[in-house]
Each structure stands twice: as C-alpha cells, then as structure tokens.
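Novice: Please find entry.txt (compact mmCIF, C-alpha atoms and all ligand atoms) on the next line:
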# COMPACT_ATOMS: atom_id res chain seq x y z
CA MET T 1 19.22 -50.21 -36.87
CA PRO T 2 19.20 -53.32 -34.70
CA ALA T 3 19.31 -56.78 -36.21
CA ALA T 4 16.04 -58.61 -36.87
CA ILE T 5 16.14 -62.19 -35.64
CA ARG T 6 13.94 -65.16 -36.55
CA ILE T 7 14.16 -68.57 -34.88
CA ILE T 8 13.35 -71.49 -37.20
CA PRO T 9 12.59 -74.90 -35.68
CA CYS T 10 14.05 -77.63 -37.92
CA LEU T 11 14.01 -81.45 -37.83
CA SER T 12 13.01 -82.83 -34.41
CA ASP T 13 14.88 -80.46 -32.10
CA ASN T 14 17.27 -78.25 -34.13
CA TYR T 15 17.15 -74.50 -34.56
CA ALA T 16 18.36 -72.38 -37.44
CA VAL T 17 18.40 -68.62 -36.78
CA LEU T 18 18.08 -65.80 -39.31
CA ILE T 19 19.97 -62.53 -38.71
CA HIS T 20 18.75 -59.71 -40.93
CA ASP T 21 20.33 -56.29 -41.32
CA PRO T 22 17.53 -53.81 -42.09
CA ALA T 23 20.05 -51.21 -43.30
CA THR T 24 21.35 -53.33 -46.20
CA ASP T 25 18.88 -56.26 -46.43
CA ALA T 26 21.79 -58.67 -45.85
CA THR T 27 20.52 -61.86 -44.21
CA ALA T 28 22.47 -64.73 -42.73
CA VAL T 29 21.32 -68.06 -41.38
CA VAL T 30 23.22 -69.71 -38.55
CA ASP T 31 23.39 -73.42 -39.42
CA ALA T 32 21.33 -75.24 -42.02
CA PRO T 33 19.64 -78.33 -40.59
CA ASP T 34 16.87 -78.44 -43.22
CA PRO T 35 16.41 -76.14 -46.21
CA ALA T 36 12.59 -76.19 -46.44
CA PRO T 37 11.67 -74.35 -43.23
CA ILE T 38 14.56 -71.91 -43.76
CA ILE T 39 13.37 -71.07 -47.28
CA ALA T 40 9.80 -70.74 -46.00
CA ALA T 41 10.92 -68.27 -43.30
CA LEU T 42 12.93 -66.22 -45.81
CA GLU T 43 9.99 -66.08 -48.23
CA LYS T 44 7.59 -65.09 -45.47
CA GLU T 45 9.81 -62.12 -44.63
CA GLY T 46 10.75 -61.31 -48.22
CA TRP T 47 14.45 -61.67 -47.33
CA ASN T 48 17.23 -62.88 -49.62
CA LEU T 49 19.82 -65.18 -48.04
CA THR T 50 23.32 -63.72 -48.39
CA GLN T 51 25.33 -65.86 -45.94
CA ILE T 52 25.31 -69.21 -44.19
CA LEU T 53 27.25 -69.21 -40.91
CA VAL T 54 28.15 -72.79 -40.01
CA THR T 55 29.10 -73.62 -36.40
CA HIS T 56 30.38 -77.16 -36.98
CA HIS T 57 30.36 -80.03 -39.43
CA HIS T 58 27.68 -82.33 -37.99
CA ALA T 59 25.03 -83.32 -40.53
CA ASP T 60 22.18 -81.75 -38.58
CA HIS T 61 23.93 -78.36 -39.00
CA VAL T 62 25.19 -78.55 -42.60
CA GLN T 63 22.90 -80.85 -44.57
CA GLY T 64 20.81 -77.91 -45.80
CA VAL T 65 23.82 -76.04 -47.19
CA PRO T 66 23.78 -77.48 -50.74
CA ALA T 67 20.10 -76.63 -51.35
CA LEU T 68 20.46 -73.11 -49.88
CA LYS T 69 23.65 -72.51 -51.84
CA ALA T 70 21.95 -73.63 -55.05
CA LYS T 71 18.89 -71.41 -54.49
CA TYR T 72 20.54 -68.23 -53.18
CA GLY T 73 24.24 -68.47 -53.99
CA ALA T 74 24.85 -67.46 -50.38
CA THR T 75 28.41 -67.25 -49.07
CA VAL T 76 29.21 -70.17 -46.78
CA VAL T 77 31.28 -69.29 -43.70
CA GLY T 78 32.56 -72.00 -41.39
CA PRO T 79 35.42 -73.33 -39.31
CA LYS T 80 38.73 -73.68 -41.14
CA ALA T 81 39.58 -76.63 -38.89
CA GLU T 82 36.59 -78.51 -40.39
CA ALA T 83 37.00 -77.23 -43.95
CA ASP T 84 36.98 -80.74 -45.40
CA GLU T 85 33.66 -81.54 -43.75
CA VAL T 86 31.61 -78.39 -44.47
CA PRO T 87 30.04 -78.48 -47.96
CA TYR T 88 30.63 -75.51 -50.28
CA LEU T 89 32.72 -73.67 -47.68
CA ASP T 90 33.68 -70.29 -49.21
CA VAL T 91 35.18 -68.51 -46.20
CA PRO T 92 37.12 -70.69 -43.73
CA VAL T 93 37.40 -68.76 -40.46
CA VAL T 94 39.61 -68.95 -37.40
CA ASP T 95 39.46 -67.39 -33.95
CA GLY T 96 39.04 -63.62 -34.04
CA ASP T 97 38.04 -63.35 -37.68
CA PRO T 98 35.44 -60.67 -38.38
CA VAL T 99 32.12 -61.70 -39.90
CA ALA T 100 29.91 -58.92 -41.26
CA VAL T 101 26.22 -59.33 -42.11
CA GLY T 102 25.70 -56.04 -43.92
CA THR T 103 26.43 -53.40 -41.31
CA LEU T 104 26.17 -55.89 -38.43
CA VAL T 105 29.68 -56.69 -37.27
CA GLY T 106 30.45 -59.99 -35.59
CA ARG T 107 33.46 -62.13 -34.92
CA VAL T 108 34.40 -65.76 -34.65
CA LEU T 109 35.33 -67.50 -31.42
CA GLU T 110 36.81 -70.99 -31.63
CA THR T 111 35.18 -73.21 -29.01
CA ALA T 112 36.61 -76.68 -29.54
CA GLY T 113 35.08 -79.53 -27.59
CA HIS T 114 31.87 -80.85 -29.16
CA THR T 115 33.88 -81.01 -32.39
CA LYS T 116 37.52 -80.18 -32.90
CA GLY T 117 36.85 -76.99 -34.85
CA HIS T 118 33.49 -75.77 -33.53
CA VAL T 119 33.07 -72.00 -33.79
CA VAL T 120 30.51 -69.59 -32.35
CA TYR T 121 29.53 -66.21 -33.76
CA LEU T 122 29.52 -63.18 -31.45
CA PHE T 123 27.81 -59.91 -32.44
CA GLU T 124 28.77 -57.89 -29.41
CA ASP T 125 27.15 -54.57 -30.38
CA GLU T 126 23.90 -56.45 -30.99
CA HIS T 127 24.27 -58.47 -27.76
CA LEU T 128 23.95 -61.73 -29.72
CA LEU T 129 25.83 -65.01 -29.39
CA PHE T 130 25.15 -67.93 -31.72
CA SER T 131 26.55 -70.83 -29.74
CA GLY T 132 25.74 -73.88 -31.88
CA ASP T 133 26.29 -77.12 -29.98
CA THR T 134 28.91 -75.69 -27.60
CA LEU T 135 26.60 -73.98 -25.10
CA PHE T 136 22.92 -74.90 -24.77
CA THR T 137 20.31 -73.34 -22.52
CA LEU T 138 21.19 -74.99 -19.17
CA GLY T 139 23.50 -77.48 -20.87
CA CYS T 140 26.39 -78.04 -23.27
CA GLY T 141 27.25 -80.30 -26.20
CA ARG T 142 28.86 -83.68 -25.78
CA PRO T 143 32.62 -83.57 -26.26
CA PHE T 144 32.74 -85.97 -29.22
CA GLU T 145 36.10 -84.98 -30.71
CA CYS T 146 38.02 -83.49 -27.76
CA ASP T 147 38.80 -84.19 -24.16
CA PRO T 148 36.13 -82.78 -21.79
CA ALA T 149 38.79 -80.41 -20.42
CA VAL T 150 39.01 -78.74 -23.84
CA LEU T 151 35.27 -78.09 -23.83
CA TRP T 152 35.50 -76.77 -20.27
CA GLY T 153 38.13 -74.29 -21.44
CA SER T 154 35.86 -73.14 -24.27
CA LEU T 155 32.89 -72.74 -21.92
CA GLN T 156 34.99 -70.72 -19.46
CA ARG T 157 35.78 -68.39 -22.32
CA LEU T 158 32.09 -67.99 -23.17
CA ARG T 159 31.02 -67.34 -19.59
CA ALA T 160 33.50 -64.45 -19.45
CA LEU T 161 31.54 -62.66 -22.20
CA PRO T 162 29.04 -59.93 -21.26
CA GLY T 163 26.06 -61.11 -19.20
CA ASP T 164 23.60 -59.23 -21.42
CA LEU T 165 24.24 -61.46 -24.44
CA SER T 166 21.24 -63.30 -25.85
CA VAL T 167 22.45 -66.86 -26.43
CA TYR T 168 20.98 -68.71 -29.41
CA SER T 169 21.97 -72.38 -29.35
CA GLY T 170 21.42 -75.09 -31.93
CA HIS T 171 18.94 -77.38 -30.14
CA GLU T 172 15.83 -77.44 -27.98
CA TYR T 173 17.20 -79.58 -25.14
CA THR T 174 16.32 -77.23 -22.31
CA LEU T 175 13.84 -79.23 -20.21
CA ALA T 176 16.04 -82.35 -20.20
CA ASN T 177 19.03 -80.14 -19.42
CA ALA T 178 17.13 -78.51 -16.55
CA ARG T 179 16.20 -81.87 -15.03
CA PHE T 180 19.83 -82.94 -15.08
CA ALA T 181 21.00 -79.58 -13.72
CA LEU T 182 18.64 -79.87 -10.74
CA SER T 183 20.03 -83.33 -10.02
CA VAL T 184 23.50 -81.89 -9.44
CA ASP T 185 22.58 -78.41 -8.15
CA PRO T 186 19.25 -78.92 -6.36
CA ASP T 187 19.31 -75.78 -4.21
CA ASN T 188 20.03 -73.29 -7.00
CA ALA T 189 17.15 -70.77 -6.93
CA ALA T 190 18.11 -69.25 -10.30
CA LEU T 191 18.01 -72.71 -11.86
CA LYS T 192 14.57 -73.46 -10.40
CA ALA T 193 13.26 -70.16 -11.74
CA GLN T 194 14.63 -70.89 -15.20
CA MET T 195 13.20 -74.39 -15.22
CA ALA T 196 9.77 -72.94 -14.41
CA ALA T 197 10.11 -70.33 -17.15
CA ALA T 198 11.27 -72.91 -19.70
CA THR T 199 8.44 -75.29 -18.77
CA ALA T 200 5.92 -72.50 -19.37
CA ARG T 201 7.47 -71.60 -22.72
CA ARG T 202 7.45 -75.19 -23.92
CA ALA T 203 3.84 -75.63 -22.78
CA GLU T 204 2.98 -72.78 -25.16
CA GLY T 205 5.02 -74.47 -27.92
CA ARG T 206 7.60 -71.68 -27.89
CA PRO T 207 11.41 -72.08 -28.10
CA THR T 208 13.48 -71.68 -24.95
CA ILE T 209 16.14 -69.83 -26.93
CA PRO T 210 17.51 -67.30 -26.56
CA SER T 211 18.67 -67.36 -22.96
CA LEU T 212 20.61 -64.60 -21.24
CA MET T 213 24.31 -65.26 -20.61
CA ALA T 214 23.96 -63.97 -17.04
CA ASP T 215 21.23 -66.55 -16.43
CA GLU T 216 23.43 -69.30 -17.87
CA VAL T 217 26.29 -68.28 -15.59
CA ALA T 218 23.91 -68.45 -12.62
CA ALA T 219 22.18 -71.72 -13.47
CA ASN T 220 23.98 -73.83 -16.10
CA PRO T 221 26.04 -76.45 -14.22
CA PHE T 222 28.43 -76.79 -17.16
CA LEU T 223 29.48 -73.15 -16.61
CA ARG T 224 29.78 -73.81 -12.86
CA ALA T 225 32.18 -76.76 -12.61
CA ASP T 226 34.37 -74.63 -10.33
CA ASP T 227 31.47 -73.95 -7.95
CA PRO T 228 32.31 -75.58 -4.59
CA GLY T 229 28.68 -76.61 -4.05
CA ILE T 230 28.55 -78.61 -7.26
CA ALA T 231 31.91 -80.24 -6.57
CA ALA T 232 30.69 -81.20 -3.09
CA HIS T 233 27.45 -82.60 -4.51
CA LEU T 234 29.52 -84.86 -6.79
CA GLY T 235 31.83 -85.93 -3.95
CA LEU T 236 34.71 -84.05 -5.58
CA SER T 237 35.39 -81.24 -3.11
CA GLY T 238 38.81 -79.74 -3.79
CA ALA T 239 39.22 -81.52 -7.14
CA PRO T 240 40.38 -79.56 -10.20
CA SER T 241 37.48 -77.95 -12.03
CA ALA T 242 38.28 -79.89 -15.21
CA GLU T 243 37.77 -83.11 -13.27
CA VAL T 244 34.45 -81.88 -11.91
CA PHE T 245 33.42 -80.87 -15.42
CA ALA T 246 34.32 -84.30 -16.82
CA GLU T 247 32.25 -85.94 -14.08
CA LEU T 248 29.29 -83.65 -14.85
CA ARG T 249 29.54 -84.55 -18.55
CA ALA T 250 29.77 -88.28 -17.79
CA ARG T 251 26.74 -88.13 -15.49
CA LYS T 252 24.74 -86.18 -18.05
CA ASN T 253 25.44 -88.86 -20.67
CA ASP T 254 24.05 -91.51 -18.31
CA PHE T 255 21.21 -89.39 -16.92
CA LYS T 256 17.73 -90.84 -17.16
CA GLY T 257 15.21 -88.30 -16.10
ZN ZN C 1 26.59 -81.25 -33.28
FE FE C 2 23.57 -80.66 -33.39
The structure in this file should be written as structure tokens.
Ligand code: ZN
Ligand code: FE
Specialist:
Amino acid sequence: MPAAIRIIPCLSDNYAVLIHDPATDATAVVDAPDPAPIIAALEKEGWNLTQILVTHHHADHVQGVPALKAKYGATVVGPKAEADEVPYLDVPVVDGDPVAVGTLVGRVLETAGHTKGHVVYLFEDEHLLFSGDTLFTLGCGRPFECDPAVLWGSLQRLRALPGDLSVYSGHEYTLANARFALSVDPDNAALKAQMAAATARRAEGRPTIPSLMADEVAANPFLRADDPGIAAHLGLSGAPSAEVFAELRARKNDFKG
C-alpha cells in the first residue's frame, strides 16, 4: 500500500509532513516546528505518532520535539553530526542509513551546507524526498555552517536522483524564490510555467510543496549553477560552477523583489 502523506503548515512559513504506512499504522513526522498543528493533524486522522524524522537542528525544525516525545513516546531520528543539538535524539543517523516507517523503507542522505549535518530522507519506492532546508521549491537554504561549495555538492547529489520524486521541503518560500530565479534566468520557459502554477496555488491558499524533482532540475537556478546561460547572465562565463553557485547564493541573500 502506498504511503499516505499530510502537509501541515506550521508557524509563519514552515511545513511538517506526516508519512503514514497504512499496512502497519506507523506514522512519522518530518520535522517538528510546532506541536499543536501536528497533534491536531494526527488526531484528525486517528494516527499515532511513532517517529520524528529531524532534518537539522534549527529551532524551527526541532522545537516541537519535546512535546511530541512526551505525548507519543515517538522515536526521534536525526543527524549524528548534530546529535548535541537535537533534543531527545534516539537514533543518530549517517549517510546511507536505512529508516523504516512500518513497511515503508527510506534512507538517509547527508546534505551538508545549510547546516553542517543536515540530512534528507529518501523513500525511493514511494517516490518521496523530504528535503528540509537543503532544497526548496525553486530555491535552496542559506549555507549558514558550510562553504557554499559544500551546499552545491549536496544539491548536485540531489539533482542526480530520479526525476519522478515528489520533493517536500521545509518552508513555503516558493514565490520569493521564483522572483529571484527569474532575475537570473529570465528566459527559462519551465521556470515561468512553475511560477504561474505556484502563484495560482498560493492564491487558493494551498502549499506549493511537493514539487517534482524533474521540474526543479529544469527551473531551480540553484540546481543549474553549471548552466552556461546562468553563468553568462551573472557575467561569469567559463567560471567554475561552484563560483557561479556562490554568486547565485550571494545575490539571493541581497535580493529585494
Ligand atoms: Zn534551517
Ligand atoms: Fe527552517
């Protein structure tokens, strides 16, 4: 049976996501920004929380862990490299570790950059990727704890995954990301189409996650730092892709639009 997924808006622009295995009733939440809406979603479905899958240590991803742990006794899974910063961490994971939610089999990919130990959770048979603050719809996280080149390496790894993955990221930043993306890649038809689709979804009050990995590869400038057109647009034709990526990231930080 395929996984059941529920997207839970939390705080001002965070998402938590429930993954439920109908075969066993196991249910995991990816990240815990705020316990109240997560508990409400679980109670609405009649699901019991068995696991909390943490992508990284930032407060807006872990501050709900203590309350959820207290209420459900759920197993907390998270990056070993951030073990000191993830509350109640039961299962520290590293690259390649399996993560099972009942009969749903996933694995951990380390994607350092936004934080030094950030992990994402890939459920390949289910075509699901939970990308936290590494890869956003049409954007990526800020490299707070690593050199931009490290994040670029992590994003290159993600873009090599199957194009049919549904990508669930940790924030609703899509329209701002799209405006920036168009500023550096103005002639990209796939990007224009995705901006239009995202604008329509937001107008209806709906999330812009998940996105399709193939669409990200076609339109997300942070997966396209080795595209000659983007390098040319930045005045960096022939420069190493890591340099183009760092320039993209710097411009995004300063972008007002
Ligand atoms: Zn973060
Ligand atoms: Fe975040």
Novice: Name all residues at most 10 Å from region 200-209 of chain T (count all atoms listed in the file; drop same-chain ones fewer than 4 positions away) and give them as number ranges by chain.
Specialist: T: 7-9, 13, 15, 136-137, 166-175, 194-196
Novice: Go ahead and write the residues just picked, C-alpha atoms, as a JSON list (two decimals), in the frame of the given file.
Specialist:
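This went into out.json:
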[["chain", "number", "residue", "atom", "x", "y", "z"],
["T", 7, "ILE", "CA", 14.16, -68.57, -34.88],
["T", 8, "ILE", "CA", 13.35, -71.49, -37.20],
["T", 9, "PRO", "CA", 12.59, -74.90, -35.68],
["T", 13, "ASP", "CA", 14.88, -80.46, -32.10],
["T", 15, "TYR", "CA", 17.15, -74.50, -34.56],
["T", 136, "PHE", "CA", 22.92, -74.90, -24.77],
["T", 137, "THR", "CA", 20.31, -73.34, -22.52],
["T", 166, "SER", "CA", 21.24, -63.30, -25.85],
["T", 167, "VAL", "CA", 22.45, -66.86, -26.43],
["T", 168, "TYR", "CA", 20.98, -68.71, -29.41],
["T", 169, "SER", "CA", 21.97, -72.38, -29.35],
["T", 170, "GLY", "CA", 21.42, -75.09, -31.93],
["T", 171, "HIS", "CA", 18.94, -77.38, -30.14],
["T", 172, "GLU", "CA", 15.83, -77.44, -27.98],
["T", 173, "TYR", "CA", 17.20, -79.58, -25.14],
["T", 174, "THR", "CA", 16.32, -77.23, -22.31],
["T", 175, "LEU", "CA", 13.84, -79.23, -20.21],
["T", 194, "GLN", "CA", 14.63, -70.89, -15.20],
["T", 195, "MET", "CA", 13.20, -74.39, -15.22],
["T", 196, "ALA", "CA", 9.77, -72.94, -14.41]]
Novice: Restricting the calculation to all atoms listed in the file: of T:Leu53, T:Ala83, T:Ala149, T:Ala181, which residue gets closest to Leu122 (chain T)?
Specialist: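 Checking each of T:Leu53, T:Ala83, T:Ala149, T:Ala181 against Leu122 (chain T), counting all atoms listed in the file, the winner is T:Leu53.
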Novice: Applying 12 Å and all atoms listed in the file, which residues near Glu85 (chain T) remain after dropping the ones on its own chain fewer than 2 positions away? List them as an MDAnalysis selection string.
Specialist: chainID T and resid 54:59 61:63 65 78:83 87:89 92 115:118
Novice: Skipping near chain neighbours, those fewer than 6 positions away, what residues fall within 8 Å of region 101-103 of chain T using only C-alpha atoms, listed as JSON, numbers by chain?
Specialist: {"T": [19, 20, 21, 23, 24, 25, 26, 27, 28, 51]}
Novice: Smallest atom-to-atom distance to Pro66 (chain T): which of T:Val99, T:Val94, T:Leu135, T:Ala32, using only C-alpha atoms?
Specialist: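 Smallest distance to Pro66 (chain T) is found for T:Ala32.
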Novice: Would you list the contacts of His114 (chain T) as a PyMOL selection string, taking every protein, DNA or RNA residue within 9 Å and counting all atoms listed in the file, but skipping same-chain residues closer than 3 positions in sequence?
Specialist: chain T and resi 56+111+117-118+133-134+140-146+148+151
Novice: Using all atoms listed in the file, which of the listed residues (T:Val244, T:Ala112, T:Ala231, T:Ala176) sits closest to ligand ZN 1 (chain C)?
Specialist: T:Ala112
Novice: Distance CA of Ser131 (chain T)-CA of Ala70 (chain T), one decimal place?
Specialist: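 Computing it gives 25.9 Å between the two atoms.
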Novice: May I ask which of the residues T:Gly73, T:Gly113, T:Pro35, T:Pro98 is the closest one to Gly153 (chain T), counting all atoms listed in the file?
Specialist: T:Gly113
Novice: Tell me which of T:Glu126, T:Leu109, T:Gly96, T:Ala36 sits closest to Ile5 (chain T), counting only C-alpha atoms.
Specialist: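 Of T:Glu126, T:Leu109, T:Gly96, T:Ala36, the one nearest Ile5 (chain T), counting only C-alpha atoms, is T:Glu126.
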Novice: In Å, with one decimal, what is the gap from CA of Val184 (chain T) to CA of His233 (chain T)?
Specialist: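 If I compute the distance from CA of Val184 (chain T) to CA of His233 (chain T), I get 6.4 Å.
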Novice: Grab the CA of Pro33 (chain T) to CA of Ala16 (chain T) distance for me, in Å with one decimal place.
Specialist: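 Atom-to-atom, CA of Pro33 (chain T) to CA of Ala16 (chain T), that is 6.9 Å.
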Novice: List the residues sitting within 8 Å of (26.0, -80.9, -16.4) in the file's frame, using all atoms listed in the file, as an NGL selection string.
Specialist: :T and (139-140 or 177 or 180-181 or 184 or 220-222 or 245 or 248-249 or 251-252)
